[in-house]
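Undergrad: This is entry_25.txt, which holds compact mmCIF, C-alpha atoms and all ligand atoms:
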# COMPACT_ATOMS: atom_id res chain seq x y z
CA MET A 61 -10.52 28.72 -8.61
CA TRP A 62 -7.93 26.25 -7.29
CA SER A 63 -5.36 27.33 -4.71
CA ASN A 64 -2.70 25.50 -2.76
CA TRP A 65 -2.53 24.95 1.01
CA VAL A 66 -0.64 28.14 1.77
CA GLY A 67 -2.28 30.27 -0.93
CA ASN A 68 0.76 31.35 -2.97
CA GLN A 69 -0.45 29.44 -6.07
CA SER A 70 -3.89 29.77 -7.57
CA PHE A 71 -5.50 29.45 -11.00
CA THR A 72 -8.76 28.63 -12.72
CA PRO A 73 -8.58 25.44 -14.78
CA GLY A 74 -10.46 25.04 -18.07
CA TYR A 75 -12.55 22.39 -16.36
CA ALA A 76 -12.21 20.03 -13.41
CA ALA A 77 -13.28 16.51 -12.53
CA ALA A 78 -13.03 14.01 -9.68
CA PRO A 79 -13.01 10.53 -11.23
CA ALA A 80 -14.06 7.64 -9.02
CA SER A 81 -12.18 4.84 -10.81
CA GLU A 82 -9.17 4.14 -13.03
CA ASP A 83 -11.50 3.61 -15.95
CA GLU A 84 -13.02 7.04 -15.43
CA VAL A 85 -9.53 8.58 -15.30
CA ALA A 86 -8.67 6.84 -18.58
CA ALA A 87 -11.88 8.03 -20.25
CA MET A 88 -11.33 11.62 -19.09
CA VAL A 89 -7.71 11.71 -20.25
CA SER A 90 -8.65 10.18 -23.60
CA ASP A 91 -11.44 12.73 -24.06
CA ALA A 92 -9.12 15.63 -23.13
CA HIS A 93 -6.54 14.30 -25.59
CA GLU A 94 -9.07 14.18 -28.43
CA ARG A 95 -10.26 17.71 -27.66
CA GLY A 96 -6.70 19.09 -27.38
CA PHE A 97 -6.82 19.94 -23.67
CA LYS A 98 -3.85 19.72 -21.31
CA VAL A 99 -4.23 17.68 -18.11
CA ARG A 100 -2.76 18.09 -14.61
CA VAL A 101 -3.60 16.38 -11.32
CA ALA A 102 -4.01 18.11 -7.97
CA GLY A 103 -2.80 16.11 -4.99
CA ALA A 104 -3.35 17.38 -1.46
CA ARG A 105 -2.20 20.94 -2.50
CA HIS A 106 0.94 21.04 -0.35
CA SER A 107 3.44 22.14 -3.01
CA PHE A 108 4.63 25.73 -3.11
CA THR A 109 5.59 25.70 -6.82
CA PRO A 110 3.26 26.08 -9.88
CA ILE A 111 3.40 22.35 -10.64
CA VAL A 112 -0.36 21.79 -10.54
CA GLN A 113 -1.40 24.80 -12.66
CA THR A 114 -3.29 24.15 -15.92
CA ASP A 115 -5.73 25.89 -18.23
CA GLY A 116 -7.01 22.47 -19.29
CA LEU A 117 -8.45 19.58 -17.27
CA LEU A 118 -7.64 19.50 -13.55
CA LEU A 119 -8.15 16.07 -12.00
CA ASP A 120 -8.78 15.48 -8.30
CA LEU A 121 -8.06 11.85 -7.35
CA SER A 122 -9.17 12.04 -3.72
CA ASP A 123 -11.80 9.36 -4.37
CA LEU A 124 -9.11 6.91 -5.47
CA ARG A 125 -8.05 6.38 -1.89
CA GLY A 126 -6.96 3.41 0.22
CA VAL A 127 -4.33 0.73 0.72
CA ILE A 128 -5.51 -2.08 -1.55
CA GLY A 129 -2.89 -4.75 -0.87
CA THR A 130 -0.04 -5.71 1.43
CA ASP A 131 2.51 -8.50 1.14
CA ALA A 132 4.31 -8.98 4.45
CA ARG A 133 6.72 -11.54 2.99
CA ARG A 134 7.88 -9.32 0.10
CA LYS A 135 7.50 -6.16 2.21
CA ARG A 136 5.23 -4.48 -0.30
CA ALA A 137 2.13 -2.31 -0.10
CA THR A 138 -0.08 -1.16 -2.95
CA ALA A 139 -2.24 1.94 -2.63
CA LEU A 140 -4.46 4.06 -4.84
CA ALA A 141 -2.91 7.37 -5.88
CA GLY A 142 -5.10 9.58 -3.66
CA THR A 143 -4.26 7.66 -0.47
CA LEU A 144 -2.96 10.04 2.20
CA ILE A 145 0.29 9.11 3.90
CA ARG A 146 -1.58 8.78 7.19
CA ASP A 147 -3.98 6.28 5.54
CA PHE A 148 -1.11 3.76 5.39
CA TYR A 149 -0.62 3.56 9.14
CA GLU A 150 -3.24 1.12 10.48
CA PRO A 151 -3.51 -1.17 7.41
CA LEU A 152 0.27 -1.64 7.40
CA TRP A 153 0.66 -1.95 11.18
CA SER A 154 -2.01 -4.61 11.37
CA GLU A 155 0.13 -6.70 8.96
CA GLY A 156 3.34 -6.07 10.94
CA LEU A 157 4.52 -3.45 8.42
CA ALA A 158 5.27 0.28 8.27
CA LEU A 159 6.41 2.93 5.81
CA LYS A 160 10.21 3.01 5.76
CA ASN A 161 10.42 6.71 6.54
CA GLN A 162 8.28 9.84 6.62
CA GLY A 163 8.55 13.60 6.45
CA ASP A 164 7.26 16.33 8.72
CA ILE A 165 3.58 15.95 7.78
CA ASP A 166 1.37 13.06 6.73
CA THR A 167 -1.45 14.81 4.89
CA GLN A 168 -0.03 14.56 1.35
CA GLN A 169 -1.43 12.07 -1.13
CA ILE A 170 1.05 9.31 -1.88
CA ALA A 171 1.12 10.18 -5.61
CA GLY A 172 1.79 13.85 -4.80
CA ALA A 173 4.54 12.97 -2.32
CA VAL A 174 6.20 10.58 -4.78
CA ALA A 175 5.87 13.00 -7.72
CA THR A 176 8.15 15.54 -5.99
CA ALA A 177 10.50 13.13 -4.12
CA THR A 178 9.14 14.03 -0.69
CA HIS A 179 11.54 12.92 2.04
CA GLY A 180 12.05 12.58 5.78
CA SER A 181 15.47 12.47 7.41
CA GLY A 182 18.23 9.88 7.85
CA ILE A 183 20.81 8.62 5.37
CA ARG A 184 19.77 4.99 5.88
CA ASN A 185 16.54 5.71 4.02
CA THR A 186 15.63 7.21 0.69
CA CYS A 187 12.85 9.63 -0.09
CA PHE A 188 9.39 8.15 -0.81
CA SER A 189 10.25 7.87 -4.52
CA GLY A 190 13.17 5.57 -3.77
CA ALA A 191 10.73 3.09 -2.22
CA VAL A 192 8.47 2.97 -5.31
CA ARG A 193 8.58 -0.44 -7.00
CA GLY A 194 5.70 0.02 -9.41
CA VAL A 195 3.35 2.69 -10.72
CA ARG A 196 0.18 2.40 -12.76
CA ILE A 197 -0.34 5.43 -15.00
CA VAL A 198 -2.90 6.59 -17.49
CA THR A 199 -0.81 7.79 -20.42
CA ALA A 200 -1.52 10.57 -22.92
CA GLY A 201 -3.87 8.58 -25.16
CA GLY A 202 -5.86 7.25 -22.20
CA ALA A 203 -4.15 3.82 -22.05
CA ILE A 204 -3.55 2.24 -18.64
CA ARG A 205 0.10 1.21 -18.26
CA ASP A 206 1.95 -0.57 -15.45
CA ILE A 207 5.57 0.41 -14.96
CA ASP A 208 7.45 -1.93 -12.62
CA GLU A 209 10.82 -3.50 -11.91
CA SER A 210 10.71 -5.38 -15.23
CA GLU A 211 11.36 -1.96 -16.88
CA PRO A 212 13.97 -0.50 -14.51
CA GLU A 213 14.89 2.47 -16.70
CA LEU A 214 11.29 3.60 -17.09
CA LEU A 215 10.66 3.02 -13.39
CA ARG A 216 13.52 5.42 -12.61
CA ALA A 217 11.69 8.05 -14.68
CA ALA A 218 8.34 7.31 -13.00
CA GLN A 219 9.76 7.45 -9.46
CA VAL A 220 10.12 11.25 -9.67
CA SER A 221 8.04 12.61 -12.55
CA ILE A 222 6.20 15.69 -11.21
CA GLY A 223 3.18 14.21 -12.99
CA MET A 224 4.72 14.53 -16.45
CA LEU A 225 4.47 10.89 -17.60
CA GLY A 226 0.74 10.59 -17.04
CA VAL A 227 -1.84 10.29 -14.28
CA MET A 228 -0.73 7.90 -11.55
CA THR A 229 -3.64 5.78 -10.34
CA ARG A 230 -1.87 3.31 -8.03
CA LEU A 231 1.59 2.76 -6.61
CA GLU A 232 3.47 -0.19 -5.13
CA LEU A 233 5.91 0.73 -2.35
CA GLU A 234 8.59 -1.24 -0.61
CA VAL A 235 7.78 -1.08 3.11
CA THR A 236 9.49 -2.44 6.20
CA ASP A 237 8.73 -4.39 9.36
CA ALA A 238 6.70 -2.40 11.86
CA TYR A 239 9.00 -0.46 14.20
CA ARG A 240 8.74 1.79 17.20
CA LEU A 241 10.84 4.89 17.69
CA THR A 242 12.28 6.63 20.67
CA GLU A 243 12.66 10.38 20.41
CA GLN A 244 15.22 12.80 21.84
CA ILE A 245 14.50 16.49 21.34
CA ASP A 246 16.90 19.02 22.86
CA LEU A 247 18.18 22.55 22.34
CA TRP A 248 21.87 22.56 21.39
CA SER A 249 24.35 25.23 20.43
CA TRP A 250 25.31 25.49 16.75
CA ASP A 251 28.90 24.47 17.55
CA ALA A 252 27.76 21.38 19.47
CA VAL A 253 25.76 20.17 16.47
CA LEU A 254 28.58 20.72 13.99
CA GLU A 255 31.19 19.13 16.28
CA ARG A 256 29.08 15.96 16.48
CA TRP A 257 27.93 16.11 12.84
CA ASP A 258 29.41 12.76 11.70
CA GLU A 259 28.02 10.84 14.66
CA LEU A 260 24.61 12.50 14.36
CA VAL A 261 24.37 11.77 10.64
CA HIS A 262 25.76 8.24 10.60
CA GLU A 263 24.73 6.68 13.90
CA HIS A 264 21.05 7.50 14.17
CA ARG A 265 18.02 6.44 12.21
CA HIS A 266 16.78 10.02 12.00
CA PHE A 267 18.66 13.21 12.76
CA GLY A 268 17.47 16.67 11.87
CA PHE A 269 17.39 20.11 13.41
CA PHE A 270 15.89 23.56 13.19
CA TRP A 271 18.31 26.43 13.75
CA LEU A 272 16.45 29.36 15.29
CA PRO A 273 18.02 32.65 14.19
CA THR A 274 15.93 34.82 16.54
CA GLU A 275 13.83 34.44 19.68
CA GLU A 276 10.60 34.58 17.63
CA SER A 277 11.71 31.86 15.21
CA ALA A 278 10.57 28.77 17.13
CA ALA A 279 6.93 29.83 17.41
CA LEU A 280 6.67 30.24 13.63
CA TYR A 281 7.01 26.45 13.26
CA ASN A 282 5.22 25.62 16.56
CA LEU A 283 8.46 24.50 18.25
CA SER A 284 8.63 24.90 22.01
CA SER A 285 11.17 24.35 24.74
CA HIS A 286 11.58 25.05 28.44
CA ASP A 287 14.90 26.82 27.87
CA GLU A 288 14.92 30.52 28.57
CA THR A 289 16.51 31.57 25.34
CA MET A 290 16.09 29.90 21.98
CA ALA A 291 17.81 32.49 19.75
CA ASP A 292 20.77 31.06 17.85
CA LYS A 293 20.03 27.57 19.23
CA CYS A 294 19.38 24.34 17.37
CA TYR A 295 16.20 22.38 18.08
CA VAL A 296 17.67 18.90 17.53
CA LYS A 297 15.51 15.84 16.81
CA ILE A 298 17.03 12.36 17.01
CA TYR A 299 14.90 9.25 16.53
CA ASP A 300 16.23 5.71 17.03
CA ASP A 301 14.64 2.29 17.00
CA ALA A 302 13.12 1.48 20.38
CA GLY A 303 14.12 -1.85 21.89
CA PRO A 304 11.38 -4.33 22.83
CA GLU A 305 12.09 -3.67 26.51
CA GLN A 306 11.38 0.08 26.15
CA PRO A 307 7.76 0.85 27.11
CA ASP A 308 5.75 3.45 25.23
CA SER A 309 6.12 6.92 26.72
CA ALA A 310 4.26 10.17 26.09
CA VAL A 311 6.85 12.45 27.74
CA VAL A 312 7.29 15.35 25.32
CA GLY A 313 10.77 15.29 23.75
CA ARG A 314 11.34 11.75 25.07
CA ARG A 315 8.42 9.86 23.56
CA THR A 316 8.54 6.19 22.62
CA ASP A 317 5.79 5.00 20.33
CA ARG A 318 4.84 3.49 16.99
CA CYS A 319 6.96 5.15 14.27
CA TYR A 320 4.04 6.90 12.64
CA ARG A 321 3.04 8.59 15.88
CA ILE A 322 6.52 10.10 16.30
CA TYR A 323 7.19 11.58 12.83
CA PRO A 324 4.38 14.07 12.09
CA MET A 325 4.53 17.70 13.14
CA VAL A 326 1.89 20.41 12.91
CA TYR A 327 2.53 23.46 10.74
CA ASP A 328 0.44 26.57 10.21
CA PRO A 329 0.11 27.94 6.66
CA ASN A 330 2.39 30.91 7.48
CA PHE A 331 5.49 30.25 5.34
CA HIS A 332 6.66 29.96 1.74
CA GLU A 333 9.47 27.45 1.62
CA LEU A 334 12.59 26.83 -0.44
CA GLU A 335 14.50 23.57 0.12
CA TYR A 336 17.81 22.62 -1.50
CA PHE A 337 19.89 19.44 -1.36
CA VAL A 338 23.70 19.54 -1.24
CA PRO A 339 25.95 16.47 -1.36
CA LEU A 340 26.10 15.08 2.19
CA GLU A 341 29.78 15.81 2.76
CA LEU A 342 29.36 19.48 1.80
CA GLY A 343 26.68 19.89 4.47
CA PRO A 344 28.73 21.41 7.31
CA ASP A 345 30.39 24.04 5.07
CA ALA A 346 27.10 24.90 3.37
CA LEU A 347 25.39 25.23 6.75
CA SER A 348 28.06 27.50 8.19
CA ALA A 349 27.81 29.72 5.11
CA MET A 350 24.00 29.80 5.47
CA ARG A 351 24.13 30.79 9.12
CA ASP A 352 26.59 33.53 8.32
CA LEU A 353 24.36 34.79 5.48
CA MET A 354 21.25 34.82 7.65
CA LEU A 355 22.85 36.41 10.72
CA ARG A 356 25.04 39.00 9.10
CA ARG A 357 23.43 39.94 5.81
CA LEU A 358 19.76 39.11 6.12
CA PRO A 359 18.51 39.96 9.61
CA ASP A 360 14.88 39.74 8.45
CA SER A 361 15.23 36.01 7.83
CA ILE A 362 13.58 34.84 11.01
CA PHE A 363 12.02 31.53 9.96
CA PRO A 364 13.98 28.53 11.25
CA LEU A 365 16.57 26.94 9.00
CA GLU A 366 15.57 23.26 8.79
CA VAL A 367 18.31 20.69 8.24
CA ARG A 368 17.82 17.01 7.36
CA THR A 369 19.67 14.27 5.48
CA VAL A 370 18.44 11.77 2.88
CA GLY A 371 19.94 8.56 1.46
CA PRO A 372 20.75 8.13 -2.25
CA ASP A 373 18.51 6.66 -4.95
CA ASP A 374 18.74 6.50 -8.72
CA ALA A 375 15.58 8.21 -10.02
CA TYR A 376 16.63 10.57 -12.81
CA LEU A 377 15.01 13.67 -11.30
CA SER A 378 15.68 12.85 -7.66
CA PRO A 379 17.56 15.48 -5.67
CA ASN A 380 19.30 12.52 -4.06
CA TYR A 381 20.29 10.99 -7.40
CA LYS A 382 23.28 8.75 -6.63
CA THR A 383 24.28 10.80 -3.59
CA ALA A 384 23.20 11.13 0.01
CA THR A 385 22.34 14.73 0.72
CA THR A 386 22.22 17.36 3.41
CA VAL A 387 18.88 19.10 2.99
CA ILE A 388 18.57 22.78 3.85
CA SER A 389 15.27 24.63 4.00
CA VAL A 390 14.40 28.27 4.59
CA SER A 391 11.13 30.17 4.39
CA GLY A 392 9.84 33.61 3.56
CA LYS A 393 6.86 35.22 5.25
CA PRO A 394 3.69 35.44 3.13
CA GLY A 395 2.84 39.05 2.33
CA THR A 396 6.47 40.21 2.45
CA ASP A 397 8.94 40.55 -0.41
CA TYR A 398 11.26 37.68 0.45
CA TRP A 399 12.54 37.10 -3.09
CA ALA A 400 15.90 38.85 -2.60
CA TYR A 401 16.47 36.64 0.45
CA LEU A 402 15.56 33.43 -1.39
CA ARG A 403 17.71 34.46 -4.36
CA SER A 404 20.68 35.01 -2.02
CA VAL A 405 20.14 31.52 -0.59
CA ASP A 406 19.90 30.11 -4.12
CA ALA A 407 23.15 31.84 -5.13
CA LEU A 408 24.95 30.66 -2.01
CA LEU A 409 23.80 27.03 -2.20
CA SER A 410 24.49 26.90 -5.96
CA GLU A 411 28.15 27.08 -4.97
CA PHE A 412 27.57 23.74 -3.22
CA SER A 413 26.00 21.99 -6.26
CA ALA A 414 22.54 22.19 -4.72
CA ARG A 415 19.61 20.37 -6.30
CA VAL A 416 16.05 21.50 -5.61
CA HIS A 417 12.83 20.20 -4.05
CA TRP A 418 10.32 20.15 -6.91
CA GLY A 419 7.47 21.10 -4.59
CA LYS A 420 9.25 24.07 -2.96
CA LEU A 421 10.31 27.45 -4.33
CA HIS A 422 13.42 27.34 -6.51
CA PHE A 423 15.21 29.17 -9.32
CA LEU A 424 16.33 26.27 -11.47
CA THR A 425 16.98 26.94 -15.16
CA ARG A 426 17.23 24.40 -17.95
CA GLU A 427 20.98 24.87 -18.05
CA ARG A 428 21.34 24.22 -14.34
CA LEU A 429 18.99 21.24 -14.54
CA HIS A 430 21.29 19.47 -16.98
CA ALA A 431 24.43 20.39 -15.02
CA LEU A 432 23.02 19.09 -11.73
CA TYR A 433 20.93 16.08 -12.82
CA PRO A 434 23.22 14.01 -15.07
CA GLU A 435 20.35 11.90 -16.45
CA ALA A 436 17.77 14.65 -16.89
CA ASP A 437 17.97 14.08 -20.64
CA VAL A 438 17.03 10.39 -20.15
CA PHE A 439 13.96 11.52 -18.21
CA ILE A 440 13.05 14.01 -20.93
CA ARG A 441 13.34 11.31 -23.61
CA ALA A 442 11.00 9.03 -21.63
CA ARG A 443 8.60 11.92 -21.14
CA ARG A 444 8.52 12.71 -24.85
CA GLU A 445 7.94 9.05 -25.74
CA LEU A 446 5.00 8.69 -23.36
CA ASP A 447 3.56 12.14 -24.03
CA PRO A 448 4.66 13.33 -27.51
CA THR A 449 2.28 16.32 -27.57
CA GLY A 450 3.16 17.49 -24.05
CA MET A 451 -0.40 17.25 -22.72
CA PHE A 452 0.89 16.74 -19.15
CA LEU A 453 3.16 19.83 -19.23
CA ASN A 454 2.28 23.29 -17.99
CA ASP A 455 4.11 26.62 -18.41
CA HIS A 456 6.40 26.06 -15.42
CA LEU A 457 7.34 22.49 -16.40
CA ARG A 458 7.64 23.22 -20.13
CA GLU A 459 10.53 25.63 -19.49
CA LEU A 460 12.54 22.85 -17.89
CA PHE A 461 11.32 19.62 -19.47
CA ALA A 462 9.75 20.23 -22.94
C1 LIG A 501 3.42 22.02 5.79
C2 LIG A 501 4.22 21.26 4.77
C3 LIG A 501 5.15 20.31 5.20
C4 LIG A 501 5.91 19.61 4.26
N1 LIG A 501 6.83 18.72 4.71
C5 LIG A 501 7.63 18.09 3.82
C6 LIG A 501 8.64 17.18 4.25
O1 LIG A 501 8.80 16.90 5.45
N2 LIG A 501 9.43 16.63 3.31
C7 LIG A 501 9.32 16.93 1.98
O2 LIG A 501 10.09 16.43 1.19
N3 LIG A 501 8.34 17.76 1.55
C8 LIG A 501 7.50 18.33 2.42
N4 LIG A 501 6.53 19.16 1.98
C9 LIG A 501 6.31 19.27 0.52
C10 LIG A 501 5.27 18.25 0.05
O3 LIG A 501 5.52 16.97 0.58
C11 LIG A 501 5.33 18.13 -1.48
O4 LIG A 501 5.12 19.38 -2.05
C12 LIG A 501 4.32 17.11 -2.02
O5 LIG A 501 4.47 17.02 -3.41
C13 LIG A 501 2.88 17.49 -1.70
O6 LIG A 501 2.02 16.41 -1.97
P1 LIG A 501 0.50 16.70 -2.34
O7 LIG A 501 -0.26 15.42 -2.21
O8 LIG A 501 0.01 17.85 -1.59
O9 LIG A 501 0.63 16.99 -3.89
P2 LIG A 501 0.42 18.36 -4.69
O10 LIG A 501 1.28 19.40 -4.10
O11 LIG A 501 -1.01 18.63 -4.86
O12 LIG A 501 1.04 17.91 -6.09
C14 LIG A 501 2.42 17.66 -6.24
C15 LIG A 501 2.71 17.22 -7.66
O13 LIG A 501 2.24 15.89 -7.86
C16 LIG A 501 1.42 15.83 -9.00
N5 LIG A 501 0.43 14.78 -8.76
C17 LIG A 501 -0.34 14.61 -7.67
N6 LIG A 501 -1.08 13.51 -7.80
C18 LIG A 501 -0.77 12.96 -9.00
C19 LIG A 501 -1.21 11.81 -9.71
N7 LIG A 501 -2.13 10.99 -9.21
N8 LIG A 501 -0.69 11.57 -10.92
C20 LIG A 501 0.25 12.40 -11.45
N9 LIG A 501 0.71 13.50 -10.82
C21 LIG A 501 0.20 13.77 -9.61
C22 LIG A 501 0.80 17.21 -9.10
O14 LIG A 501 0.35 17.51 -10.41
C23 LIG A 501 2.00 18.06 -8.72
O15 LIG A 501 2.84 18.22 -9.83
C24 LIG A 501 5.74 19.87 2.88
C25 LIG A 501 4.81 20.82 2.44
C26 LIG A 501 4.05 21.52 3.38
C27 LIG A 501 3.07 22.53 2.92
Take the structure in the file and give it back as structure tokens.
Ligand SMILES: Cc1cc2nc3c(=O)[nH]c(=O)nc-3n(C[C@H](O)[C@H](O)[C@H](O)COP(=O)(O)OP(=O)(O)OC[C@H]3O[C@@H](n4cnc5c(N)ncnc54)[C@H](O)[C@@H]3O)c2cc1C
TA:
Amino acid sequence: MWSNWVGNQSFTPGYAAAPASEDEVAAMVSDAHERGFKVRVAGARHSFTPIVQTDGLLLDLSDLRGVIGTDARRKRATALAGTLIRDFYEPLWSEGLALKNQGDIDTQQIAGAVATATHGSGIRNTCFSGAVRGVRIVTAGGAIRDIDESEPELLRAAQVSIGMLGVMTRLELEVTDAYRLTEQIDLWSWDAVLERWDELVHEHRHFGFFWLPTEESAALYNLSSHDETMADKCYVKIYDDAGPEQPDSAVVGRRTDRCYRIYPMVYDPNFHELEYFVPLELGPDALSAMRDLMLRRLPDSIFPLEVRTVGPDDAYLSPNYKTATTVISVSGKPGTDYWAYLRSVDALLSEFSARVHWGKLHFLTRERLHALYPEADVFIRARRELDPTGMFLNDHLRELFA
């Protein structure tokens, strides 16, 4: 029985395997193809949606792990698909390089993070998928295929594919010069954040915040502060490049350190998350409507509202396709019936043309997919060409992408 990190998705695959090389992946996919089995890959299990589920072959690529090449001049790094985000840190730093941006945790596999367009915050950077410059995949018949910048259209499909083009075995990412960050974490009022919205979004490398609807909210995401009251406050995080004259500092909320030591947070598996992306400029109105919804109509919604921004890219299935976005996340409590709440959030944010996070709970239909992702049909054509029998689909993905 396979289950995800938080336990809201579980299934028993037909059979499972952990290949130790690309050749073994190719042989296993080819064998499954001949025997008529479907294939899915499990990453580090951090998605909340049924995007891993299969009754066929479930592959675990944790043995295909490690950064296998860096090019400091071209700012590139190549890693095997099962490499964890945290595995990039030392090999890149020792070459004067770093990942361009990161999200709240660093325990995902790079292929899993890329497959769902995992993101951090800051409009000067894209999600992980936007930094992908090449992918090696094992396609439906078991052939090994490199997709790179010489095939830009196919690369745009492979940058966000939710594993539907084939099994990724290695990825090439654009990286950046090593950088240190200085952190400012403070509790602000809602009005103070919205009044300074433009400055916060445009003038900092990273800006994001958690709005805490109730006094208990902060503890649910392990956020702490010395302030007496945290209810209806915003836990604001701003990270900027540290100058060479700024020494490292471990003062909580005012740290200065290597970038990868500043980004990661620690979460407990106590939430089921939905995360939607609205065009950047609609952010303030969408946020005000969300706060109103949570305070006035849904008093049980006590998990923090997380707010981030992401820069645009041009991957067909990216939530940031050709637009920078304001990213809004809410969570329901495991064991409670939070579906009415999440549906209300879905209905509200739909009014703001919201796209979805493929790894987090959503209510997207095929009709909405095509309305919101103008090149979804180009992705689907590429998918059908590479996988004519749909061996990399499952029930959840078939509804949207068959
Ligand atoms: C505590 C927590 C914090 C999070 N923080 C963030 C955040 O800050 N920002 C954000 O954007 N998201 C965040 N997420 C979501 C998470 O980054 C995504 O769900 C991501 O896809 C998980 O990566 P994974 O390695 O666990 O992959 P999985 O969830 O195991 O798989 C994700 C998808 O990738 C496919 N896949 C995996 N490996 C391969 C491969 N080799 N070839 C083909 N397909 C493959 C899987 O089949 C699946 O469809 C968070 C999730 C949790 C639980």
Undergrad: Could you produce a table of the residues of chain A lying within 8 Å of ligand LIG 501 (chain A), with the nearest pair of atoms per residue and their separation in Å rounded to one decimal, using all atoms listed in the file, ordered by chain and increasing residue number, as a tab-separated table?
TA:
residue	atom	partner	partner_atom	distance
A:Asn64	CA	A:LIG501	O11	7.4
A:Trp65	CA	A:LIG501	C27	6.4
A:Val66	CA	A:LIG501	C27	6.8
A:Arg100	CA	A:LIG501	O14	5.3
A:Val101	CA	A:LIG501	O14	4.2
A:Ala102	CA	A:LIG501	O11	4.4
A:Gly103	CA	A:LIG501	O11	3.1
A:Ala104	CA	A:LIG501	O8	3.4
A:Arg105	CA	A:LIG501	O11	3.5
A:His106	CA	A:LIG501	O8	3.5
A:Ser107	CA	A:LIG501	O4	3.4
A:Phe108	CA	A:LIG501	O4	6.5
A:Thr109	CA	A:LIG501	O4	7.9
A:Pro110	CA	A:LIG501	O15	7.9
A:Ile111	CA	A:LIG501	O15	4.2
A:Val112	CA	A:LIG501	O14	4.3
A:Gln113	CA	A:LIG501	O14	7.8
A:Asp120	CA	A:LIG501	N6	8.0
A:Leu121	CA	A:LIG501	N7	6.3
A:Ala141	CA	A:LIG501	N7	5.0
A:Gly142	CA	A:LIG501	N7	6.5
A:Leu144	CA	A:LIG501	O7	7.5
A:Gln162	CA	A:LIG501	O1	7.2
A:Gly163	CA	A:LIG501	O1	3.5
A:Asp164	CA	A:LIG501	O1	3.7
A:Ile165	CA	A:LIG501	N1	5.3
A:Thr167	CA	A:LIG501	O7	7.2
A:Gln168	CA	A:LIG501	O7	3.7
A:Gln169	CA	A:LIG501	O7	3.7
A:Ile170	CA	A:LIG501	O7	6.3
A:Ala171	CA	A:LIG501	N6	4.6
A:Gly172	CA	A:LIG501	O9	3.5
A:Ala173	CA	A:LIG501	C12	4.2
A:Val174	CA	A:LIG501	O5	6.8
A:Ala175	CA	A:LIG501	O13	4.6
A:Thr176	CA	A:LIG501	O5	4.7
A:Ala177	CA	A:LIG501	O2	6.3
A:Thr178	CA	A:LIG501	O2	3.2
A:His179	CA	A:LIG501	O2	3.9
A:Gly180	CA	A:LIG501	O1	5.4
A:Cys187	CA	A:LIG501	O2	7.4
A:Ile197	CA	A:LIG501	N8	7.4
A:Ser221	CA	A:LIG501	N9	7.6
A:Ile222	CA	A:LIG501	O15	4.4
A:Gly223	CA	A:LIG501	N9	3.4
A:Met224	CA	A:LIG501	N9	7.0
A:Leu225	CA	A:LIG501	C20	7.6
A:Gly226	CA	A:LIG501	C20	5.9
A:Val227	CA	A:LIG501	N8	3.8
A:Met228	CA	A:LIG501	N8	3.7
A:Thr229	CA	A:LIG501	N7	5.5
A:Arg230	CA	A:LIG501	N7	7.8
A:Val326	CA	A:LIG501	C1	7.5
A:Tyr327	CA	A:LIG501	C1	5.2
A:Asp328	CA	A:LIG501	C1	7.0
A:Pro329	CA	A:LIG501	C1	6.8
A:His417	CA	A:LIG501	O2	7.0
A:Trp418	CA	A:LIG501	O4	7.2
A:Gly419	CA	A:LIG501	O4	3.9
A:Lys420	CA	A:LIG501	O4	6.3
Undergrad: Do you have the CA of Glu213 (chain A)-CA of Val198 (chain A) distance handy?
TA: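 Going from CA of Glu213 (chain A) over to CA of Val198 (chain A), I get 18.3 Å.
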Undergrad: Which residues, protein or nucleic acid, reach to within 9 Å of (13.4, 28.1, -15.3) in the file's coordinates when using all atoms listed in the file, and can you give that as number ranges by chain?
TA: A: 422-429, 456-460
Undergrad: Ranking A:Ile245, A:Leu421, A:Ile183, A:Leu233 by minimum distance to Ser284 (chain A) and counting all atoms listed in the file, which one comes first?
TA: A:Ile245
Undergrad: Might you pull out every residue within 10 Å of region 128-139 of chain A, with only C-alpha atoms counted and same-chain residues fewer than 5 positions away left off, and present them as a list in words?
TA: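 Here the qualifying residues turn out to be Leu144, Asp147, Phe148, Pro151, Leu152, Glu155, Gly156, Leu157, Ala158, Leu159, Ile170, Ala171, Ala191, Val192, Arg193, Gly194, Val195, Thr229, Arg230, Leu231, Glu232, Leu233, Glu234, Val235, Thr236 and Asp237 of chain A.
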Undergrad: Considering all atoms listed in the file, state which residue in the set A:Tyr336, A:Tyr320, A:Trp257, A:Trp248 is at the smallest distance from Thr289 (chain A).
TA: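 Ranked by minimum distance to Thr289 (chain A), first place goes to A:Trp248.
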Undergrad: Could you make a table, as a tab-separated table, of the residues of region 189-230 of chain A that have an atom within 7 Å of an atom of region 374-378 of chain A, each with its nearest atom pair and distance in Å to one decimal, counting all atoms listed in the file, in chain and number order?
TA:
residue	atom	partner	partner_atom	distance
A:Arg216	CA	A:Ala375	CA	4.3
A:Ala217	CA	A:Tyr376	CA	5.9
A:Gln219	CA	A:Ala375	CA	5.9
A:Val220	CA	A:Leu377	CA	5.7
Undergrad: Pick the closest to Gln244 (chain A) from A:Gly268, A:Pro304, A:Gly202, A:Gly313: which is it, counting all atoms listed in the file?
TA: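 So, comparing all the options, the nearest one is A:Gly313.
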Undergrad: Tell me which residues come within 9 Å of (19.4, 9.3, 4.4), as a VMD selection string, counting all atoms listed in the file in the file's coordinates.
TA: chain A and resid 179 to 187 261 to 262 265 to 266 368 to 372 384 to 386
Undergrad: Closest to Ala302 (chain A) among A:Ala278, A:Phe337, A:Glu255, A:Arg240, using all atoms listed in the file?
TA: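 The shortest atom-to-atom distance to Ala302 (chain A) comes from A:Arg240.
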